[in-house]
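Heads up: the structure comes next, in structure tokens.
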2 protein chains.
Amino acid sequence: VTAAKPTDGSAPTYADIKAAARRLDGFAVKTPLLESPLLNARAGARLLVKAEPLQRTGSFKFRGAFNKISQLDDAQKRAGIVGYSSGNHAQGVAHAAQLNHVNATIVMPRDAPRVKIANTRSYGAEIVLYDRQNESREAIGEKISDERGATLVPPYDDPDIIAGQGTVGLEAYEQLNGVIPDLVLCGCGGGGLIAGLSTALRRHLPETPIHPIEPAGFDDTARSLAAGTRQTNDRHAHSICDALLAPTPGALTFAINRRLLAPGLVVSEQDVLDAMATAFSDLKLVVEPGGVVALAAVLANPEAFAGKTILLILSGGNVDPGLFAKAIAS
Amino acid sequence: VTAAKPTDGSAPTYADIKAAARRLDGFAVKTPLLESPLLNARAGARLLVKAEPLQRTGSFKFRGAFNKISQLDDAQKRAGIVGYSSGNHAQGVAHAAQLNHVNATIVMPRDAPRVKIANTRSYGAEIVLYDRQNESREAIGEKISDERGATLVPPYDDPDIIAGQGTVGLEAYEQLNGVIPDLVLCGCGGGGLIAGLSTALRRHLPETPIHPIEPAGFDDTARSLAAGTRQTNDRHAHSICDALLAPTPGALTFAINRRLLAPGLVVSEQDVLDAMATAFSDLKLVVEPGGVVALAAVLANPEAFAGKTILLILSGGNVDPGLFAKAIAS
């Protein structure tokens, strides 16, 4: 008799993430793991920084989208795909579809930043705009899916998406080159990135705590981990971290994350702006608000992290120039 | 009888650059070669971008400084080193000295950007400030060198410095992974980076033209290549490219560059600001004015580069937040 292995329904395995890495080889950027002596001195800690803003389409979202779309069979590819997103997922899906010669329809809010709409279109996607106040993007996406037989590519609650994002963890582990971090910090919206990351790292770093970082007002994963059940954010909450605004943890992502994650930490808007300025000056990296929360957590709580070796995931860099200018000038 | 091989006095060889790469292994960042589909579409060309802003100290200067300082003998290391620079070389020398446990004295102009003085000091260097109008940095540096027996680490006209910078070329060639670029573009101040780069690339890409890019008013290398002798810039010239303000090509660097380089190209201040904004939006990279001239040359002359595959060197990212904000907001 062997001990029962915990399972989470369709949670991807370590082998699924290795398979995703093989699919992504030659398509996704193996983003560098950066270290800055200036940043280490500032933080009083050793920070090893996985730089996903340098990924194709400016965020990790390309990984999951490519892993899912590249596995469609020929009939599915001919029928096309449909996705809904206001930002990074839209661009990742559009470009992954383009590289796989698959038609993509992306449902985006009419008030999304114009640069994100323009970028998504430039990857060859058809854009369907909707009214955020009066229409449901899920309903529009499902209608298109039904009418055209197009495959829905969800933003996080999908085993192929999670496995693709998990390749961030595989790469980071190889790049650590034998260094064992004391802890890992990673931003968390719907939870797909950190679910894949923790599945990959658990194999190699079984003792290292992995903390999700969220912006104030969107700490649903922190509260859900504490409660043991999925909690919801106040629907009137606001944050500049537009990449991390999921209303509640995903069903599948939370089933993984409740088993693998350490407690969550929360950062303020000012912490985020300060961390963007530090990434500018010390790392020469453009990081968006939702992409920088892991660094913000360290810089805002120096006493908690003093002397530690920390693996930080910076997840994206698609930020409006005006907001970036404000952050670095403050 | 074999054909005489051209020599340039103490010009470093390909083997010297390979040796420098071995010294730098584990100390310098192997900076990524980035490619952005958005940027390619914008340029109408395939751009492969070597991202030296991600190097330690924010520019390629760390490479040459480390290669030189790490080769000093024990007595020289005890006597310390001295360098003069208003910017990137100062930081590269200070940090390379720190890693080699060597005392560094850096002669910097009193009006250098405060962040560059502070960064240089944070790498453990002693800073000697001088008055740019009434004092000679070379004289001050030589006086310190004489008094203390300290070794001078010059900014470019030195075979160990050139060999260290040449490792940019070795890495880029490996990262090209078999792709043969139609041309190579690289910024040029004193000429150390492009002299090392072209020495490394000549071995692997003997047919590929390598063009130096300079800012308007500081096109001394372009004019020197055309004339066959070293030309000087107008001493009243001004440019925002503070990393590229050498008054004339180096003696050693020009001896190499006149043999290996294709004609030079010149970019305007507006070309530079526009390219910084494009690197921000498409590459998520912070690039300083003097670091971005190669990209500026492509974007300002789309018809000249249409359909080409181009290896671009972006050389540094140490830029004042106010100037960066101005560039991306324009």
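Chains: A, B, ... in order of the structure tokens. Residues: from 1 per chain. Ligands: from 1, in order shown.
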Note to self: Quick check: residues of chain B within 9 Å of chain A, only C-alpha atoms, returned as an NGL selection string.
What the structure shows: :B and (29-32 or 34-38 or 41 or 53-58 or 95 or 119 or 122-123 or 277 or 280-287 or 316-322 or 324-326 or 328-329)
Item checked: Polymer residues at most 9 Å from segment 86-91 of chain A, only C-alpha atoms, same-chain spacing of 5 or more positions, as a PyMOL selection string -> chain A and resi 57-62+65+96+106-109+111-113+116-117+119-121+123+125+154-155+242-243+316+318
Restricted to N, CA and C atoms, what would the selected residues look like written as a short mmCIF file (atom, residue, chain, number, x, y, z; two decimals), in the first residue's frame?
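In the end it all went to selection.cif:
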data_model
loop_
_atom_site.label_atom_id
_atom_site.label_comp_id
_atom_site.auth_asym_id
_atom_site.auth_seq_id
_atom_site.Cartn_x
_atom_site.Cartn_y
_atom_site.Cartn_z
N THR A 57 5.47 39.69 -26.15
CA THR A 57 4.23 40.41 -25.80
C THR A 57 4.32 41.11 -24.44
N GLY A 58 5.49 41.12 -23.84
CA GLY A 58 5.70 41.93 -22.64
C GLY A 58 5.21 41.33 -21.35
N SER A 59 4.82 40.06 -21.35
CA SER A 59 4.44 39.42 -20.09
C SER A 59 4.49 37.91 -20.23
N PHE A 60 4.41 37.22 -19.08
CA PHE A 60 4.44 35.75 -19.05
C PHE A 60 3.24 35.13 -19.76
N LYS A 61 2.20 35.92 -20.03
CA LYS A 61 0.95 35.36 -20.55
C LYS A 61 1.13 34.62 -21.87
N PHE A 62 2.16 35.00 -22.63
CA PHE A 62 2.44 34.31 -23.89
C PHE A 62 2.69 32.81 -23.69
N ALA A 65 -0.63 30.77 -23.19
CA ALA A 65 -1.43 30.83 -24.41
C ALA A 65 -0.81 29.95 -25.49
N ALA A 96 0.33 34.20 -29.77
CA ALA A 96 0.47 32.74 -29.81
C ALA A 96 -0.37 32.17 -30.95
N ILE A 106 -10.53 38.41 -30.03
CA ILE A 106 -10.32 38.81 -28.64
C ILE A 106 -11.41 39.81 -28.25
N VAL A 107 -12.10 39.50 -27.17
CA VAL A 107 -13.14 40.37 -26.64
C VAL A 107 -12.49 41.30 -25.62
N MET A 108 -12.50 42.61 -25.92
CA MET A 108 -11.82 43.58 -25.06
C MET A 108 -12.79 44.70 -24.67
N PRO A 109 -12.66 45.24 -23.48
CA PRO A 109 -13.53 46.35 -23.10
C PRO A 109 -13.23 47.59 -23.95
N ASP A 111 -13.13 50.53 -23.15
CA ASP A 111 -12.30 51.53 -22.47
C ASP A 111 -10.91 50.99 -22.10
N ALA A 112 -10.50 49.87 -22.69
CA ALA A 112 -9.14 49.37 -22.45
C ALA A 112 -8.14 50.39 -23.01
N PRO A 113 -6.92 50.43 -22.45
CA PRO A 113 -5.91 51.36 -22.97
C PRO A 113 -5.74 51.16 -24.47
N LYS A 116 -3.04 48.91 -25.76
CA LYS A 116 -3.23 47.46 -25.62
C LYS A 116 -4.15 46.94 -26.74
N ILE A 117 -5.15 47.71 -27.10
CA ILE A 117 -6.01 47.31 -28.22
C ILE A 117 -5.19 47.31 -29.53
N ASN A 119 -1.92 47.02 -29.92
CA ASN A 119 -0.94 45.94 -29.92
C ASN A 119 -1.61 44.60 -30.23
N THR A 120 -2.76 44.36 -29.61
CA THR A 120 -3.45 43.08 -29.83
C THR A 120 -3.82 42.94 -31.31
N ARG A 121 -4.31 44.04 -31.90
CA ARG A 121 -4.66 44.02 -33.32
C ARG A 121 -3.41 43.79 -34.17
N TYR A 123 -0.97 41.99 -33.63
CA TYR A 123 -0.61 40.56 -33.70
C TYR A 123 -1.59 39.80 -34.58
N ALA A 125 -5.02 39.78 -34.49
CA ALA A 125 -6.30 39.33 -33.93
C ALA A 125 -7.44 40.23 -34.40
N PRO A 154 -9.03 30.45 -21.82
CA PRO A 154 -9.29 31.21 -20.59
C PRO A 154 -8.00 31.79 -20.01
N PRO A 155 -8.12 32.86 -19.21
CA PRO A 155 -6.92 33.54 -18.73
C PRO A 155 -6.11 32.76 -17.69
N ASP A 242 -3.61 46.78 -13.00
CA ASP A 242 -4.69 46.30 -13.86
C ASP A 242 -4.51 44.83 -14.27
N ALA A 243 -3.31 44.28 -14.10
CA ALA A 243 -3.09 42.87 -14.45
C ALA A 243 -3.55 41.92 -13.34
N GLY A 316 5.40 41.36 -15.82
CA GLY A 316 5.03 42.02 -17.07
C GLY A 316 5.45 43.48 -17.09
N ASN A 318 3.75 45.94 -19.52
CA ASN A 318 2.88 46.70 -20.42
C ASN A 318 2.21 47.84 -19.66
#
Every residue of segment 168-242 of chain B that DSSP places in helix (DSSP H, G or I), as an mmCIF file with N, CA and C atoms, in the first residue's frame:
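Writing the result to out03.cif gives the following:
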data_model
loop_
_atom_site.group_PDB
_atom_site.id
_atom_site.type_symbol
_atom_site.label_atom_id
_atom_site.label_comp_id
_atom_site.auth_asym_id
_atom_site.auth_seq_id
_atom_site.Cartn_x
_atom_site.Cartn_y
_atom_site.Cartn_z
ATOM 1 N N VAL B 168 31.062 41.185 -25.679
ATOM 2 C CA VAL B 168 29.698 41.452 -26.172
ATOM 3 C C VAL B 168 29.501 40.775 -27.527
ATOM 4 N N GLY B 169 30.523 40.864 -28.373
ATOM 5 C CA GLY B 169 30.435 40.271 -29.707
ATOM 6 C C GLY B 169 30.431 38.757 -29.678
ATOM 7 N N LEU B 170 31.292 38.170 -28.844
ATOM 8 C CA LEU B 170 31.306 36.698 -28.714
ATOM 9 C C LEU B 170 29.940 36.171 -28.298
ATOM 10 N N GLU B 171 29.376 36.803 -27.253
ATOM 11 C CA GLU B 171 28.073 36.347 -26.753
ATOM 12 C C GLU B 171 26.993 36.516 -27.809
ATOM 13 N N ALA B 172 26.974 37.685 -28.450
ATOM 14 C CA ALA B 172 25.934 37.948 -29.448
ATOM 15 C C ALA B 172 26.013 36.913 -30.563
ATOM 16 N N TYR B 173 27.241 36.579 -30.993
ATOM 17 C CA TYR B 173 27.367 35.594 -32.064
ATOM 18 C C TYR B 173 26.780 34.248 -31.640
ATOM 19 N N GLU B 174 27.112 33.815 -30.422
ATOM 20 C CA GLU B 174 26.542 32.546 -29.946
ATOM 21 C C GLU B 174 25.016 32.610 -29.897
ATOM 22 N N GLN B 175 24.500 33.753 -29.451
ATOM 23 C CA GLN B 175 23.045 33.884 -29.295
ATOM 24 C C GLN B 175 22.319 33.992 -30.639
ATOM 25 N N LEU B 176 23.035 34.391 -31.675
ATOM 26 C CA LEU B 176 22.424 34.436 -33.012
ATOM 27 C C LEU B 176 22.029 33.035 -33.467
ATOM 28 N N GLY B 192 35.956 51.894 -28.050
ATOM 29 C CA GLY B 192 36.412 50.652 -27.424
ATOM 30 C C GLY B 192 35.446 49.496 -27.630
ATOM 31 N N LEU B 193 34.162 49.762 -27.449
ATOM 32 C CA LEU B 193 33.174 48.690 -27.600
ATOM 33 C C LEU B 193 33.170 48.158 -29.027
ATOM 34 N N ILE B 194 33.090 49.055 -30.000
ATOM 35 C CA ILE B 194 32.958 48.577 -31.378
ATOM 36 C C ILE B 194 34.265 47.975 -31.882
ATOM 37 N N ALA B 195 35.412 48.417 -31.343
ATOM 38 C CA ALA B 195 36.688 47.799 -31.729
ATOM 39 C C ALA B 195 36.742 46.347 -31.244
ATOM 40 N N GLY B 196 36.318 46.114 -29.998
ATOM 41 C CA GLY B 196 36.299 44.753 -29.476
ATOM 42 C C GLY B 196 35.248 43.904 -30.175
ATOM 43 N N LEU B 197 34.072 44.488 -30.349
ATOM 44 C CA LEU B 197 32.968 43.788 -31.018
ATOM 45 C C LEU B 197 33.369 43.344 -32.418
ATOM 46 N N SER B 198 33.976 44.254 -33.168
ATOM 47 C CA SER B 198 34.303 43.922 -34.564
ATOM 48 C C SER B 198 35.445 42.912 -34.627
ATOM 49 N N THR B 199 36.373 42.956 -33.676
ATOM 50 C CA THR B 199 37.437 41.949 -33.633
ATOM 51 C C THR B 199 36.835 40.559 -33.394
ATOM 52 N N ALA B 200 35.832 40.499 -32.501
ATOM 53 C CA ALA B 200 35.192 39.208 -32.225
ATOM 54 C C ALA B 200 34.346 38.737 -33.399
ATOM 55 N N LEU B 201 33.569 39.636 -33.987
ATOM 56 C CA LEU B 201 32.623 39.224 -35.037
ATOM 57 C C LEU B 201 33.319 38.923 -36.356
ATOM 58 N N ARG B 202 34.441 39.580 -36.591
ATOM 59 C CA ARG B 202 35.166 39.377 -37.853
ATOM 60 C C ARG B 202 35.473 37.909 -38.077
ATOM 61 N N ARG B 203 35.778 37.204 -36.973
ATOM 62 C CA ARG B 203 36.107 35.792 -37.061
ATOM 63 C C ARG B 203 34.934 34.966 -37.573
ATOM 64 N N HIS B 204 33.733 35.323 -37.077
ATOM 65 C CA HIS B 204 32.561 34.490 -37.359
ATOM 66 C C HIS B 204 31.714 35.020 -38.511
ATOM 67 N N ASP B 220 32.974 62.109 -34.929
ATOM 68 C CA ASP B 220 34.415 62.052 -35.192
ATOM 69 C C ASP B 220 34.836 60.731 -35.833
ATOM 70 N N THR B 221 34.236 59.627 -35.417
ATOM 71 C CA THR B 221 34.634 58.346 -36.015
ATOM 72 C C THR B 221 34.151 58.249 -37.462
ATOM 73 N N ALA B 222 32.923 58.675 -37.741
ATOM 74 C CA ALA B 222 32.434 58.651 -39.134
ATOM 75 C C ALA B 222 33.360 59.468 -40.027
ATOM 76 N N ARG B 223 33.723 60.663 -39.590
ATOM 77 C CA ARG B 223 34.577 61.524 -40.413
ATOM 78 C C ARG B 223 35.997 60.968 -40.489
ATOM 79 N N SER B 224 36.458 60.358 -39.390
ATOM 80 C CA SER B 224 37.807 59.791 -39.399
ATOM 81 C C SER B 224 37.890 58.596 -40.345
ATOM 82 N N LEU B 225 36.834 57.770 -40.352
ATOM 83 C CA LEU B 225 36.823 56.631 -41.275
ATOM 84 C C LEU B 225 36.838 57.122 -42.718
ATOM 85 N N ALA B 226 36.083 58.186 -43.004
ATOM 86 C CA ALA B 226 36.037 58.726 -44.363
ATOM 87 C C ALA B 226 37.381 59.338 -44.751
ATOM 88 N N ALA B 227 38.021 60.018 -43.801
ATOM 89 C CA ALA B 227 39.274 60.728 -44.097
ATOM 90 C C ALA B 227 40.491 59.814 -44.030
ATOM 91 N N ASP B 242 25.438 61.550 -23.266
ATOM 92 C CA ASP B 242 26.607 61.831 -22.425
ATOM 93 C C ASP B 242 27.616 60.679 -22.419
#
Margin query: I'd like the neighbourhood of Leu24 of chain B as a list in words, where a residue qualifies if any of its atoms comes within 8 Å (using only C-alpha atoms), though same-chain residues fewer than 6 positions away should be ignored.
Written below: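 The residues satisfying every condition are Arg63, Phe66 and Asn67 of chain B.
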Keeping only all heavy atoms, write those residues as a PDB file, in the first residue's frame.
ATOM      1  N   ARG B  63      32.533  45.144 -18.348  1.00  0.00           N
ATOM      2  CA  ARG B  63      33.285  44.045 -18.962  1.00  0.00           C
ATOM      3  C   ARG B  63      34.769  44.382 -19.105  1.00  0.00           C
ATOM      4  O   ARG B  63      35.649  43.610 -18.694  1.00  0.00           O
ATOM      5  CB  ARG B  63      32.709  43.708 -20.345  1.00  0.00           C
ATOM      6  CG  ARG B  63      31.269  43.213 -20.319  1.00  0.00           C
ATOM      7  CD  ARG B  63      30.752  43.016 -21.749  1.00  0.00           C
ATOM      8  NE  ARG B  63      29.367  42.592 -21.818  1.00  0.00           N
ATOM      9  CZ  ARG B  63      28.963  41.339 -22.006  1.00  0.00           C
ATOM     10  NH1 ARG B  63      29.848  40.367 -22.162  1.00  0.00           N
ATOM     11  NH2 ARG B  63      27.681  41.044 -22.060  1.00  0.00           N
ATOM     12  N   PHE B  66      36.543  44.918 -15.681  1.00  0.00           N
ATOM     13  CA  PHE B  66      36.810  43.675 -14.961  1.00  0.00           C
ATOM     14  C   PHE B  66      37.942  42.909 -15.622  1.00  0.00           C
ATOM     15  O   PHE B  66      38.807  42.335 -14.943  1.00  0.00           O
ATOM     16  CB  PHE B  66      35.549  42.813 -14.898  1.00  0.00           C
ATOM     17  CG  PHE B  66      35.689  41.633 -13.969  1.00  0.00           C
ATOM     18  CD1 PHE B  66      35.268  41.726 -12.652  1.00  0.00           C
ATOM     19  CD2 PHE B  66      36.262  40.439 -14.398  1.00  0.00           C
ATOM     20  CE1 PHE B  66      35.412  40.654 -11.781  1.00  0.00           C
ATOM     21  CE2 PHE B  66      36.407  39.363 -13.533  1.00  0.00           C
ATOM     22  CZ  PHE B  66      35.979  39.476 -12.222  1.00  0.00           C
ATOM     23  N   ASN B  67      37.948  42.886 -16.937  1.00  0.00           N
ATOM     24  CA  ASN B  67      39.012  42.159 -17.643  1.00  0.00           C
ATOM     25  C   ASN B  67      40.384  42.735 -17.312  1.00  0.00           C
ATOM     26  O   ASN B  67      41.358  42.008 -17.135  1.00  0.00           O
ATOM     27  CB  ASN B  67      38.779  42.206 -19.150  1.00  0.00           C
ATOM     28  CG  ASN B  67      39.772  41.341 -19.914  1.00  0.00           C
ATOM     29  OD1 ASN B  67      39.999  40.184 -19.558  1.00  0.00           O
ATOM     30  ND2 ASN B  67      40.383  41.905 -20.948  1.00  0.00           N
TER      31      ASN B  67
END
Checklist line | Selection: 8 Å around Ile210 of chain A, only C-alpha atoms, excl. self and same-chain fewer than 5 positions, as a ChimeraX atom specification | finding: /A:183-186,198,260-262
Selected residues written out, N, CA and C atoms, as a PDB file, in the first residue's frame:
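Dumped to part08.pdb:
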ATOM      1  N   LEU A 183      13.250  32.168   0.117  1.00  0.00           N
ATOM      2  CA  LEU A 183      11.823  32.248  -0.203  1.00  0.00           C
ATOM      3  C   LEU A 183      11.627  32.742  -1.626  1.00  0.00           C
ATOM      4  N   VAL A 184      10.409  32.558  -2.097  1.00  0.00           N
ATOM      5  CA  VAL A 184      10.025  32.969  -3.451  1.00  0.00           C
ATOM      6  C   VAL A 184       8.822  33.890  -3.320  1.00  0.00           C
ATOM      7  N   LEU A 185       8.845  35.011  -4.050  1.00  0.00           N
ATOM      8  CA  LEU A 185       7.717  35.943  -4.061  1.00  0.00           C
ATOM      9  C   LEU A 185       7.233  36.123  -5.498  1.00  0.00           C
ATOM     10  N   CYS A 186       5.914  36.066  -5.674  1.00  0.00           N
ATOM     11  CA  CYS A 186       5.337  36.162  -7.019  1.00  0.00           C
ATOM     12  C   CYS A 186       3.963  36.820  -6.931  1.00  0.00           C
ATOM     13  N   SER A 198       4.659  27.231  -8.647  1.00  0.00           N
ATOM     14  CA  SER A 198       4.840  26.435  -7.423  1.00  0.00           C
ATOM     15  C   SER A 198       4.832  24.937  -7.744  1.00  0.00           C
ATOM     16  N   LEU A 260       0.031  24.460  -2.000  1.00  0.00           N
ATOM     17  CA  LEU A 260       1.456  24.720  -2.228  1.00  0.00           C
ATOM     18  C   LEU A 260       1.955  26.069  -1.711  1.00  0.00           C
ATOM     19  N   LEU A 261       1.072  27.014  -1.422  1.00  0.00           N
ATOM     20  CA  LEU A 261       1.559  28.365  -1.112  1.00  0.00           C
ATOM     21  C   LEU A 261       1.657  28.657   0.375  1.00  0.00           C
ATOM     22  N   ALA A 262       2.622  29.515   0.714  1.00  0.00           N
ATOM     23  CA  ALA A 262       2.734  30.117   2.034  1.00  0.00           C
ATOM     24  C   ALA A 262       1.772  31.311   2.094  1.00  0.00           C
TER      25      ALA A 262
END
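Our summary of the geometry notes that atom CA of Gly166 of chain B is positioned 13.7 Å from atom CA of Asp25 of chain B.
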Next item on the list: Pick out the residues sitting within 8 Å of Thr232 of chain A, and hand them over as a PyMOL selection string; count only C-alpha atoms, and ignore anything fewer than 3 positions along from it in its own chain.
Entry: chain A and resi 220+247-249
Write out the residues from the selection above, keeping all heavy atoms, as a PDB file, in the first residue's frame.
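After the write, result_1.pdb holds the following:
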ATOM      1  N   ASP A 220      -7.706  38.698  -2.463  1.00  0.00           N
ATOM      2  CA  ASP A 220      -8.594  37.529  -2.376  1.00  0.00           C
ATOM      3  C   ASP A 220      -7.824  36.235  -2.133  1.00  0.00           C
ATOM      4  O   ASP A 220      -8.269  35.375  -1.377  1.00  0.00           O
ATOM      5  CB  ASP A 220      -9.448  37.409  -3.645  1.00  0.00           C
ATOM      6  CG  ASP A 220      -8.623  37.515  -4.921  1.00  0.00           C
ATOM      7  OD1 ASP A 220      -7.908  38.530  -5.069  1.00  0.00           O
ATOM      8  OD2 ASP A 220      -8.670  36.598  -5.758  1.00  0.00           O
ATOM      9  N   PRO A 247     -11.654  38.848  -9.700  1.00  0.00           N
ATOM     10  CA  PRO A 247     -12.564  39.052  -8.560  1.00  0.00           C
ATOM     11  C   PRO A 247     -12.415  38.011  -7.467  1.00  0.00           C
ATOM     12  O   PRO A 247     -12.759  38.262  -6.310  1.00  0.00           O
ATOM     13  CB  PRO A 247     -13.958  38.981  -9.197  1.00  0.00           C
ATOM     14  CG  PRO A 247     -13.756  38.183 -10.461  1.00  0.00           C
ATOM     15  CD  PRO A 247     -12.374  38.495 -10.935  1.00  0.00           C
ATOM     16  N   THR A 248     -11.867  36.840  -7.823  1.00  0.00           N
ATOM     17  CA  THR A 248     -11.776  35.731  -6.858  1.00  0.00           C
ATOM     18  C   THR A 248     -10.769  34.726  -7.417  1.00  0.00           C
ATOM     19  O   THR A 248     -10.529  34.714  -8.626  1.00  0.00           O
ATOM     20  CB  THR A 248     -13.173  35.081  -6.673  1.00  0.00           C
ATOM     21  OG1 THR A 248     -13.091  34.074  -5.662  1.00  0.00           O
ATOM     22  CG2 THR A 248     -13.679  34.443  -7.963  1.00  0.00           C
ATOM     23  N   PRO A 249     -10.127  33.914  -6.589  1.00  0.00           N
ATOM     24  CA  PRO A 249      -9.194  32.919  -7.132  1.00  0.00           C
ATOM     25  C   PRO A 249      -9.912  31.944  -8.063  1.00  0.00           C
ATOM     26  O   PRO A 249     -11.101  31.658  -7.876  1.00  0.00           O
ATOM     27  CB  PRO A 249      -8.684  32.200  -5.874  1.00  0.00           C
ATOM     28  CG  PRO A 249      -8.931  33.145  -4.751  1.00  0.00           C
ATOM     29  CD  PRO A 249     -10.183  33.882  -5.115  1.00  0.00           C
TER      30      PRO A 249
END
Check: If you count only C-alpha atoms, which residues fall within 12 Å of Gly217 of chain B, apart from same-chain ones fewer than 6 positions away, as a ChimeraX atom specification?
Finding: /B:189,223,232-241,244-248,265-269
Write out the residues from the selection above, keeping C-alpha atoms, as an mmCIF file, in the first residue's frame.
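See selection-v4.cif below for the written result:
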data_model
loop_
_atom_site.group_PDB
_atom_site.id
_atom_site.type_symbol
_atom_site.label_atom_id
_atom_site.label_comp_id
_atom_site.auth_asym_id
_atom_site.auth_seq_id
_atom_site.Cartn_x
_atom_site.Cartn_y
_atom_site.Cartn_z
ATOM 1 C CA GLY B 189 32.236 57.163 -28.479
ATOM 2 C CA ARG B 223 34.577 61.524 -40.413
ATOM 3 C CA THR B 232 38.218 65.950 -33.823
ATOM 4 C CA ASN B 233 34.774 67.210 -32.772
ATOM 5 C CA ASP B 234 33.955 70.877 -32.322
ATOM 6 C CA ARG B 235 34.763 71.486 -28.670
ATOM 7 C CA HIS B 236 31.559 73.517 -28.301
ATOM 8 C CA ALA B 237 29.351 70.661 -29.519
ATOM 9 C CA HIS B 238 26.577 69.477 -27.211
ATOM 10 C CA SER B 239 24.587 66.219 -27.102
ATOM 11 C CA ILE B 240 22.229 64.432 -24.705
ATOM 12 C CA CYS B 241 24.290 61.281 -25.411
ATOM 13 C CA LEU B 244 29.436 59.214 -26.397
ATOM 14 C CA LEU B 245 31.223 62.550 -25.959
ATOM 15 C CA ALA B 246 34.868 61.557 -26.626
ATOM 16 C CA PRO B 247 36.610 64.440 -28.444
ATOM 17 C CA THR B 248 38.346 62.175 -30.991
ATOM 18 C CA LEU B 265 25.921 56.892 -39.506
ATOM 19 C CA VAL B 266 24.726 59.907 -37.522
ATOM 20 C CA VAL B 267 21.489 60.344 -35.565
ATOM 21 C CA SER B 268 19.729 63.457 -34.279
ATOM 22 C CA GLU B 269 18.611 64.229 -30.731
#
Next item on the list: Any chance you could list, as a count of residues only, the residues in segment 168-199 of chain A that come up strand (DSSP E or B) when DSSP is run on the backbone?
Entry: 5
Note to self: Report, in Å with one decimal, the straight-line distance from atom CA of Gln133 of chain A to atom CA of Arg148 of chain A.
What the structure shows: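 Atom-to-atom, atom CA of Gln133 of chain A and atom CA of Arg148 of chain A are spaced 25.7 Å apart.
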